[in-house]
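Encoded as structure tokens, the structure appears first; notes follow it.
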Amino acid sequence: MSRFLSRKLKGLAPYVPGEQPRDRKYVKLNTNENPAPPSPKAAAVLTRDIVRNLNLYSDPQSLVLRRAIAEYYGVDEENVMATNGSDEALAFCFAAFGGCGCVFPDITYGFYKVFAKFFSAEYEEIPLREDFSVDVGGYKGVKRTIFLANPNAQTGIYLPLSDIERIVETNPENVVVIDEAYIDFGGESAVKLIKKYNNLAVVQTFSKSRSLAGARIGFAIAGAEIMGDLQTVRNSFNPYNVNSLSAALATAAIRDKEYFEKSVKTIVENREKLNTYLKNLGFITLPSLANFILAKSERIGGGELYKRLKAKGVLVRHFPDERIKDFVRITVGSEEQIGILINAISEIFKEGV
Ligand code: PMP
């Protein structure tokens, strides 16, 4: 840390993304990417013309992309904001609504804590129940901005829309942000509630179900008032937040419903296979509606399993948090990747732990 660093950033522990090592080729099951390529219709937009036009700034309104997202969800384009990954949408929410303090679960997406500190928002963590489900009652009238990932990050556990609605309904004086990074893998989106509740913001991403993690596209959907505040934040930070190439890729991807549905179906089928294989090896798994499974074995600790798998060229994610330190989080890969993972675990068990 230099002596020039702003005082408010001193002591900030930044978010640590999952590893993206370049030293060798790994079977990458650590950052919840989709093993399938993006829609071929997305690749088709990368023409000479689009490159030629990169001399011009991107559309600061991302109008074409917002229209495509609005059409997909049956909302008005005014209710949609396109962002540079959903991390940016979440950052805008913390910047806009963190002032009155925030709450989120003790086990969830690690970035919430970092954003809260970065934007000087006080926060409280509400413990998940013993079975790692969200304690819905704990969010009743909390008088602070609520951040909930649904399905929840790290656990994969999904909260039914009726529970989300109860939380939104019982907090009319504060904003509820539902982070739906993993919603397409089996959950019901809260977007349909935005017309009814003006204190709800829904955040989604193209990084998971639409295989565009590298393009960095996310979005927020909310009523007019919240959207106005988010626009103020965005325009005070980076009005050209979405680049032209990524906007065109994402527009083509969201219009290709057929490819999307096929891709999601494959992940869901593979998730069930992975779950069965892990259980056959004696693992305890949490019930996931996401594209990952949190699993633990009585035979080996989470940190040790992570290390032994890495040595065999398979990357999974291990979190040091006390409550989940015995687990590893495994992204649902292709059938081939799942096969390699399961063989590697069986070998580790044979070699002795
Ligand atoms: N929310 C959750 C719950 C996530 O797990 C992630 C991915 N790490 C994100 C948001 C951010 O994803 P992206 O910025 O790629 O859209």
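Chain identifiers are assigned as A, B, and so on, following the order in which chains appear in the structure tokens; residues are numbered from 1 within each chain, and ligands are numbered from 1 in order of appearance.
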Mind listing the residues within 7 Å of ligand 1, only C-alpha atoms and all ligand atoms counted, as a VMD selection string? chain A and resid 31 85 to 88 109 149 152 to 153 179 to 181 204 to 207 213 216 to 218
Quick one: everything within 6 Å of Phe119 of chain A, counting only C-alpha atoms, minus sequence neighbours fewer than 3 positions away in the same chain. Send it as an mmCIF file with N, CA and C atoms, in the first residue's frame.
data_model
loop_
_atom_site.group_PDB
_atom_site.id
_atom_site.type_symbol
_atom_site.label_atom_id
_atom_site.label_comp_id
_atom_site.auth_asym_id
_atom_site.auth_seq_id
_atom_site.Cartn_x
_atom_site.Cartn_y
_atom_site.Cartn_z
ATOM 1 N N ALA A 95 -23.702 1.315 -4.559
ATOM 2 C CA ALA A 95 -23.402 2.753 -4.576
ATOM 3 C C ALA A 95 -24.683 3.562 -4.348
ATOM 4 N N PHE A 115 -18.034 -4.899 -1.833
ATOM 5 C CA PHE A 115 -18.742 -3.702 -2.328
ATOM 6 C C PHE A 115 -19.207 -2.843 -1.158
ATOM 7 N N ALA A 116 -19.755 -3.492 -0.123
ATOM 8 C CA ALA A 116 -20.256 -2.733 1.029
ATOM 9 C C ALA A 116 -19.121 -1.887 1.607
#
Could you write out, as a ChimeraX atom specification, all the residues of segment 224-298 of chain A that DSSP marks as alpha helix (DSSP H)? /A:224-235,244-255,257-280
Among segment 139-224 of chain A, which ones does DSSP assign to strand (DSSP E or B) (computed from the backbone)? Answer as JSON, numbers by chain. {"A": [145, 146, 147, 148, 149, 176, 177, 178, 179, 200, 201, 202, 203, 204, 205, 217, 218, 219, 220, 221, 222]}
Which of A:Gln337, A:Thr108, A:Ser346, A:Ser62 sits closest to Ala248 of chain A [using only C-alpha atoms]: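 Of A:Gln337, A:Thr108, A:Ser346, A:Ser62, the one nearest Ala248 of chain A is A:Ser62, counting only C-alpha atoms.
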I want to know what sits within 6 Å of Val328 of chain A, based on only C-alpha atoms, with residues of the same chain fewer than 2 positions away left out; could you give that as a list in words? Leu294, Ala295, Gly302, Arg317 and His318 of chain A
Those same residues - N, CA, C and O atoms - I'd like them written as an mmCIF file, in the first residue's frame.
data_model
loop_
_atom_site.group_PDB
_atom_site.id
_atom_site.type_symbol
_atom_site.label_atom_id
_atom_site.label_comp_id
_atom_site.auth_asym_id
_atom_site.auth_seq_id
_atom_site.Cartn_x
_atom_site.Cartn_y
_atom_site.Cartn_z
ATOM 1 N N LEU A 294 -22.359 -27.795 -4.247
ATOM 2 C CA LEU A 294 -21.485 -27.728 -3.084
ATOM 3 C C LEU A 294 -21.518 -29.114 -2.434
ATOM 4 O O LEU A 294 -22.596 -29.612 -2.099
ATOM 5 N N ALA A 295 -20.338 -29.721 -2.312
ATOM 6 C CA ALA A 295 -20.304 -31.125 -1.876
ATOM 7 C C ALA A 295 -19.197 -31.349 -0.856
ATOM 8 O O ALA A 295 -18.138 -30.718 -0.920
ATOM 9 N N GLY A 302 -12.247 -30.256 2.552
ATOM 10 C CA GLY A 302 -12.443 -29.485 1.325
ATOM 11 C C GLY A 302 -11.138 -28.940 0.755
ATOM 12 O O GLY A 302 -10.888 -29.028 -0.448
ATOM 13 N N ARG A 317 -13.498 -25.210 -6.586
ATOM 14 C CA ARG A 317 -13.308 -24.054 -5.701
ATOM 15 C C ARG A 317 -13.480 -24.454 -4.245
ATOM 16 O O ARG A 317 -14.409 -25.201 -3.915
ATOM 17 N N HIS A 318 -12.571 -23.964 -3.425
ATOM 18 C CA HIS A 318 -12.679 -24.184 -1.989
ATOM 19 C C HIS A 318 -12.759 -22.835 -1.298
ATOM 20 O O HIS A 318 -12.025 -21.909 -1.641
#
Per residue of segment 205-240 of chain A within 7 Å of segment 32-44 of chain A, note the shortest atom pair and the distance in Å to one decimal, counting only C-alpha atoms, and order the rows by chain and increasing residue number, as a tab-separated table.
residue	atom	partner	partner_atom	distance
A:Ser207	CA	A:Glu33	CA	6.9
A:Lys208	CA	A:Asn34	CA	5.6
A:Ser209	CA	A:Asn34	CA	6.7
A:Arg210	CA	A:Pro38	CA	6.2
A:Ser211	CA	A:Pro38	CA	4.8
A:Leu212	CA	A:Pro38	CA	6.1
A:Ala213	CA	A:Glu33	CA	6.8
Neighbour list for Ser244 of chain A as number ranges by chain, cut-off 8 Å, only C-alpha atoms, skip fewer than 2 positions in-chain: A: 50, 54, 57-59, 242, 246-248
How about saving the chosen residues, all heavy atoms kept, as a CSV table (one decimal), in the first residue's frame?
chain,number,residue,atom,x,y,z
A,50,ILE,N,-18.4,-4.4,-37.9
A,50,ILE,CA,-18.5,-4.0,-36.5
A,50,ILE,C,-17.1,-3.6,-36.0
A,50,ILE,O,-17.0,-2.7,-35.1
A,50,ILE,CB,-19.2,-5.2,-35.6
A,50,ILE,CG1,-19.7,-4.6,-34.3
A,50,ILE,CG2,-18.2,-6.3,-35.3
A,50,ILE,CD1,-20.6,-5.5,-33.6
A,54,LEU,N,-15.5,0.5,-34.6
A,54,LEU,CA,-15.0,0.6,-33.2
A,54,LEU,C,-14.3,2.0,-33.1
A,54,LEU,O,-13.9,2.4,-31.9
A,54,LEU,CB,-14.0,-0.5,-32.9
A,54,LEU,CG,-14.7,-1.8,-32.6
A,54,LEU,CD1,-13.6,-2.9,-32.4
A,54,LEU,CD2,-15.6,-1.7,-31.4
A,57,TYR,N,-17.6,5.6,-30.3
A,57,TYR,CA,-18.0,5.2,-29.0
A,57,TYR,C,-19.2,4.2,-29.1
A,57,TYR,O,-20.0,4.3,-30.0
A,57,TYR,CB,-18.4,6.4,-28.1
A,57,TYR,CG,-17.2,7.1,-27.5
A,57,TYR,CD1,-16.8,8.3,-28.0
A,57,TYR,CD2,-16.5,6.5,-26.5
A,57,TYR,CE1,-15.7,9.0,-27.5
A,57,TYR,CE2,-15.4,7.2,-25.9
A,57,TYR,CZ,-15.0,8.4,-26.4
A,57,TYR,OH,-13.9,9.1,-25.9
A,58,SER,N,-19.3,3.4,-28.1
A,58,SER,CA,-20.5,2.5,-28.0
A,58,SER,C,-21.7,3.4,-27.6
A,58,SER,O,-21.5,4.5,-27.1
A,58,SER,CB,-20.3,1.4,-27.0
A,58,SER,OG,-20.0,2.0,-25.7
A,59,ASP,N,-22.9,2.8,-27.8
A,59,ASP,CA,-24.1,3.6,-27.5
A,59,ASP,C,-24.2,3.7,-26.0
A,59,ASP,O,-24.3,2.6,-25.3
A,59,ASP,CB,-25.3,2.8,-28.1
A,59,ASP,CG,-26.6,3.4,-27.6
A,59,ASP,OD1,-26.6,4.5,-27.0
A,59,ASP,OD2,-27.7,2.7,-27.8
A,242,VAL,N,-20.8,-0.3,-21.5
A,242,VAL,CA,-20.9,-1.6,-22.3
A,242,VAL,C,-20.3,-1.3,-23.7
A,242,VAL,O,-20.7,-0.4,-24.4
A,242,VAL,CB,-22.4,-2.0,-22.4
A,242,VAL,CG1,-22.5,-3.2,-23.4
A,242,VAL,CG2,-23.0,-2.4,-21.1
A,246,SER,N,-19.4,-6.5,-27.3
A,246,SER,CA,-20.2,-7.3,-26.3
A,246,SER,C,-21.7,-7.1,-26.4
A,246,SER,O,-22.5,-8.0,-26.2
A,246,SER,CB,-19.7,-7.0,-24.9
A,246,SER,OG,-18.4,-7.4,-24.7
A,247,ALA,N,-22.1,-5.8,-26.6
A,247,ALA,CA,-23.5,-5.5,-26.7
A,247,ALA,C,-24.1,-6.3,-27.9
A,247,ALA,O,-25.2,-6.9,-27.8
A,247,ALA,CB,-23.7,-4.0,-26.9
A,248,ALA,N,-23.4,-6.3,-29.0
A,248,ALA,CA,-23.9,-7.1,-30.2
A,248,ALA,C,-23.9,-8.6,-29.9
A,248,ALA,O,-24.9,-9.2,-30.3
A,248,ALA,CB,-23.0,-6.7,-31.4
Any chance you could tabulate, as CSV, the residues of segment 164-201 of chain A at most 12 Å from segment 102-107 of chain A with each one's nearest atom pair and distance in Å to one decimal, using only C-alpha atoms, in chain and rising number order?
residue,atom,partner,partner_atom,distance
A:Asn174,CA,A:Cys102,CA,9.7
A:Val175,CA,A:Cys102,CA,9.5
A:Val176,CA,A:Cys102,CA,9.6
A:Val177,CA,A:Phe104,CA,10.0
A:Ile178,CA,A:Phe104,CA,10.6
A:Asp179,CA,A:Phe104,CA,11.2
Which of these residues is nearest to Phe327 of chain A, using only C-alpha atoms: A:Gln154, A:Arg48, A:Lys350, A:Ala220? A:Gln154
Would you write out, as JSON lines, a table of all residues in segment 104-207 of chain A that have an atom no more than 6 Å from an atom of segment 289-293 of chain A, listing for each the closest atom pair and the distance in Å to one decimal, considering only C-alpha atoms and ordering rows by chain and rising residue number?
{"residue": "A:Gly156", "atom": "CA", "partner": "A:Ala290", "partner_atom": "CA", "distance": 5.1}
{"residue": "A:Tyr182", "atom": "CA", "partner": "A:Ala290", "partner_atom": "CA", "distance": 5.2}
{"residue": "A:Phe185", "atom": "CA", "partner": "A:Ala290", "partner_atom": "CA", "distance": 5.4}
{"residue": "A:Gly186", "atom": "CA", "partner": "A:Leu289", "partner_atom": "CA", "distance": 5.4}
Within 12 Å of Arg144 of chain A using only C-alpha atoms, minus same-chain residues under 6 positions, as a ChimeraX atom specification: /A:94,97-104,121-125,167-168,170-177,199
Go ahead and dump the residues you just picked, N, CA, C and O atoms, as a short mmCIF file (atom, residue, chain, number, x, y, z; two decimals), in the first residue's frame.
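Output saved as result-v7.cif:
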data_model
loop_
_atom_site.label_atom_id
_atom_site.label_comp_id
_atom_site.auth_asym_id
_atom_site.auth_seq_id
_atom_site.Cartn_x
_atom_site.Cartn_y
_atom_site.Cartn_z
N PHE A 94 -25.06 -1.10 -4.77
CA PHE A 94 -24.43 -0.76 -3.49
C PHE A 94 -24.17 0.74 -3.42
O PHE A 94 -24.37 1.38 -2.39
N PHE A 97 -27.79 2.47 -3.13
CA PHE A 97 -28.71 2.16 -2.03
C PHE A 97 -28.03 1.66 -0.76
O PHE A 97 -28.69 1.18 0.16
N GLY A 98 -26.69 1.73 -0.75
CA GLY A 98 -25.96 1.21 0.42
C GLY A 98 -25.98 2.17 1.60
O GLY A 98 -25.68 1.78 2.73
N GLY A 99 -26.35 3.42 1.35
CA GLY A 99 -26.24 4.46 2.37
C GLY A 99 -27.01 4.18 3.65
O GLY A 99 -26.57 4.55 4.73
N CYS A 100 -28.14 3.47 3.51
CA CYS A 100 -28.94 3.21 4.73
C CYS A 100 -28.53 1.88 5.36
O CYS A 100 -29.22 1.37 6.25
N GLY A 101 -27.40 1.32 4.91
CA GLY A 101 -26.94 0.03 5.44
C GLY A 101 -27.51 -1.12 4.63
O GLY A 101 -28.47 -0.94 3.87
N CYS A 102 -26.88 -2.28 4.73
CA CYS A 102 -27.29 -3.44 3.92
C CYS A 102 -27.32 -4.69 4.78
O CYS A 102 -26.65 -4.77 5.81
N VAL A 103 -28.07 -5.66 4.30
CA VAL A 103 -28.01 -7.00 4.89
C VAL A 103 -27.91 -8.02 3.77
O VAL A 103 -28.42 -7.81 2.68
N PHE A 104 -27.22 -9.12 4.09
CA PHE A 104 -27.15 -10.27 3.19
C PHE A 104 -26.77 -11.50 4.00
O PHE A 104 -26.33 -11.37 5.16
N ALA A 121 -20.70 1.30 3.01
CA ALA A 121 -22.04 0.95 3.48
C ALA A 121 -21.91 -0.01 4.66
O ALA A 121 -21.18 -1.00 4.57
N GLU A 122 -22.60 0.30 5.74
CA GLU A 122 -22.57 -0.64 6.86
C GLU A 122 -23.35 -1.89 6.48
O GLU A 122 -24.32 -1.79 5.72
N TYR A 123 -22.91 -3.04 6.98
CA TYR A 123 -23.65 -4.25 6.61
C TYR A 123 -23.74 -5.21 7.78
O TYR A 123 -22.92 -5.18 8.70
N GLU A 124 -24.77 -6.04 7.70
CA GLU A 124 -24.94 -7.10 8.70
C GLU A 124 -25.18 -8.39 7.93
O GLU A 124 -25.90 -8.38 6.92
N GLU A 125 -24.57 -9.46 8.41
CA GLU A 125 -24.79 -10.75 7.75
C GLU A 125 -25.84 -11.54 8.53
O GLU A 125 -25.71 -11.68 9.75
N ILE A 167 -40.43 -11.20 1.19
CA ILE A 167 -39.34 -10.32 1.64
C ILE A 167 -39.53 -8.92 1.04
O ILE A 167 -39.40 -7.90 1.73
N VAL A 168 -39.87 -8.85 -0.24
CA VAL A 168 -40.05 -7.55 -0.91
C VAL A 168 -41.23 -6.81 -0.29
O VAL A 168 -41.16 -5.61 0.00
N THR A 170 -42.54 -7.14 2.70
CA THR A 170 -42.40 -6.72 4.11
C THR A 170 -41.30 -5.67 4.30
O THR A 170 -40.94 -5.35 5.43
N ASN A 171 -40.76 -5.18 3.18
CA ASN A 171 -39.73 -4.14 3.26
C ASN A 171 -40.05 -2.98 2.33
O ASN A 171 -39.21 -2.58 1.51
N PRO A 172 -41.25 -2.41 2.44
CA PRO A 172 -41.64 -1.40 1.45
C PRO A 172 -40.78 -0.14 1.49
O PRO A 172 -40.73 0.59 0.52
N GLU A 173 -40.08 0.07 2.60
CA GLU A 173 -39.28 1.30 2.73
C GLU A 173 -37.82 1.11 2.36
O GLU A 173 -37.01 2.01 2.57
N ASN A 174 -37.45 -0.07 1.90
CA ASN A 174 -36.06 -0.22 1.45
C ASN A 174 -35.99 -1.10 0.21
O ASN A 174 -36.91 -1.85 -0.10
N VAL A 175 -34.86 -0.99 -0.47
CA VAL A 175 -34.69 -1.70 -1.74
C VAL A 175 -34.28 -3.15 -1.47
O VAL A 175 -33.49 -3.43 -0.57
N VAL A 176 -34.84 -4.06 -2.27
CA VAL A 176 -34.43 -5.46 -2.22
C VAL A 176 -33.81 -5.79 -3.57
O VAL A 176 -34.44 -5.63 -4.61
N VAL A 177 -32.54 -6.21 -3.55
CA VAL A 177 -31.83 -6.55 -4.78
C VAL A 177 -31.73 -8.07 -4.86
O VAL A 177 -31.16 -8.70 -3.98
N ASN A 199 -39.86 -1.31 -4.98
CA ASN A 199 -38.64 -1.40 -4.16
C ASN A 199 -37.79 -2.62 -4.53
O ASN A 199 -36.94 -3.04 -3.77
#
Nearby residues (only C-alpha atoms) at most 12 Å from Gly352 of chain A, same-chain spacing under 4 positions excluded, as a ChimeraX atom specification: /A:299-300,304-305,308,345-348
Selection to disk with N, CA and C atoms, as a PDB file, in the first residue's frame:
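Once everything was written out, this is selection_2.pdb:
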ATOM      1  N   ARG A 299     -14.485 -38.368   4.022  1.00  0.00           N
ATOM      2  CA  ARG A 299     -13.163 -38.983   3.881  1.00  0.00           C
ATOM      3  C   ARG A 299     -12.039 -37.981   3.689  1.00  0.00           C
ATOM      4  N   ILE A 300     -12.387 -36.752   3.240  1.00  0.00           N
ATOM      5  CA  ILE A 300     -11.326 -35.793   2.923  1.00  0.00           C
ATOM      6  C   ILE A 300     -11.853 -34.370   3.122  1.00  0.00           C
ATOM      7  N   GLU A 304      -8.092 -30.031   1.228  1.00  0.00           N
ATOM      8  CA  GLU A 304      -7.229 -31.125   0.774  1.00  0.00           C
ATOM      9  C   GLU A 304      -7.727 -31.660  -0.581  1.00  0.00           C
ATOM     10  N   LEU A 305      -9.024 -31.830  -0.703  1.00  0.00           N
ATOM     11  CA  LEU A 305      -9.581 -32.332  -1.967  1.00  0.00           C
ATOM     12  C   LEU A 305      -9.288 -31.355  -3.103  1.00  0.00           C
ATOM     13  N   ARG A 308      -5.578 -31.811  -4.042  1.00  0.00           N
ATOM     14  CA  ARG A 308      -5.287 -33.087  -4.719  1.00  0.00           C
ATOM     15  C   ARG A 308      -5.874 -33.096  -6.131  1.00  0.00           C
ATOM     16  N   ILE A 345     -11.411 -38.115  -8.479  1.00  0.00           N
ATOM     17  CA  ILE A 345     -11.779 -38.296  -7.056  1.00  0.00           C
ATOM     18  C   ILE A 345     -11.614 -39.772  -6.659  1.00  0.00           C
ATOM     19  N   SER A 346     -12.065 -40.672  -7.538  1.00  0.00           N
ATOM     20  CA  SER A 346     -11.936 -42.107  -7.217  1.00  0.00           C
ATOM     21  C   SER A 346     -10.464 -42.472  -7.027  1.00  0.00           C
ATOM     22  N   GLU A 347      -9.612 -41.941  -7.892  1.00  0.00           N
ATOM     23  CA  GLU A 347      -8.168 -42.214  -7.768  1.00  0.00           C
ATOM     24  C   GLU A 347      -7.639 -41.700  -6.427  1.00  0.00           C
ATOM     25  N   ILE A 348      -8.033 -40.484  -6.058  1.00  0.00           N
ATOM     26  CA  ILE A 348      -7.567 -39.895  -4.796  1.00  0.00           C
ATOM     27  C   ILE A 348      -7.981 -40.798  -3.622  1.00  0.00           C
TER      28      ILE A 348
END
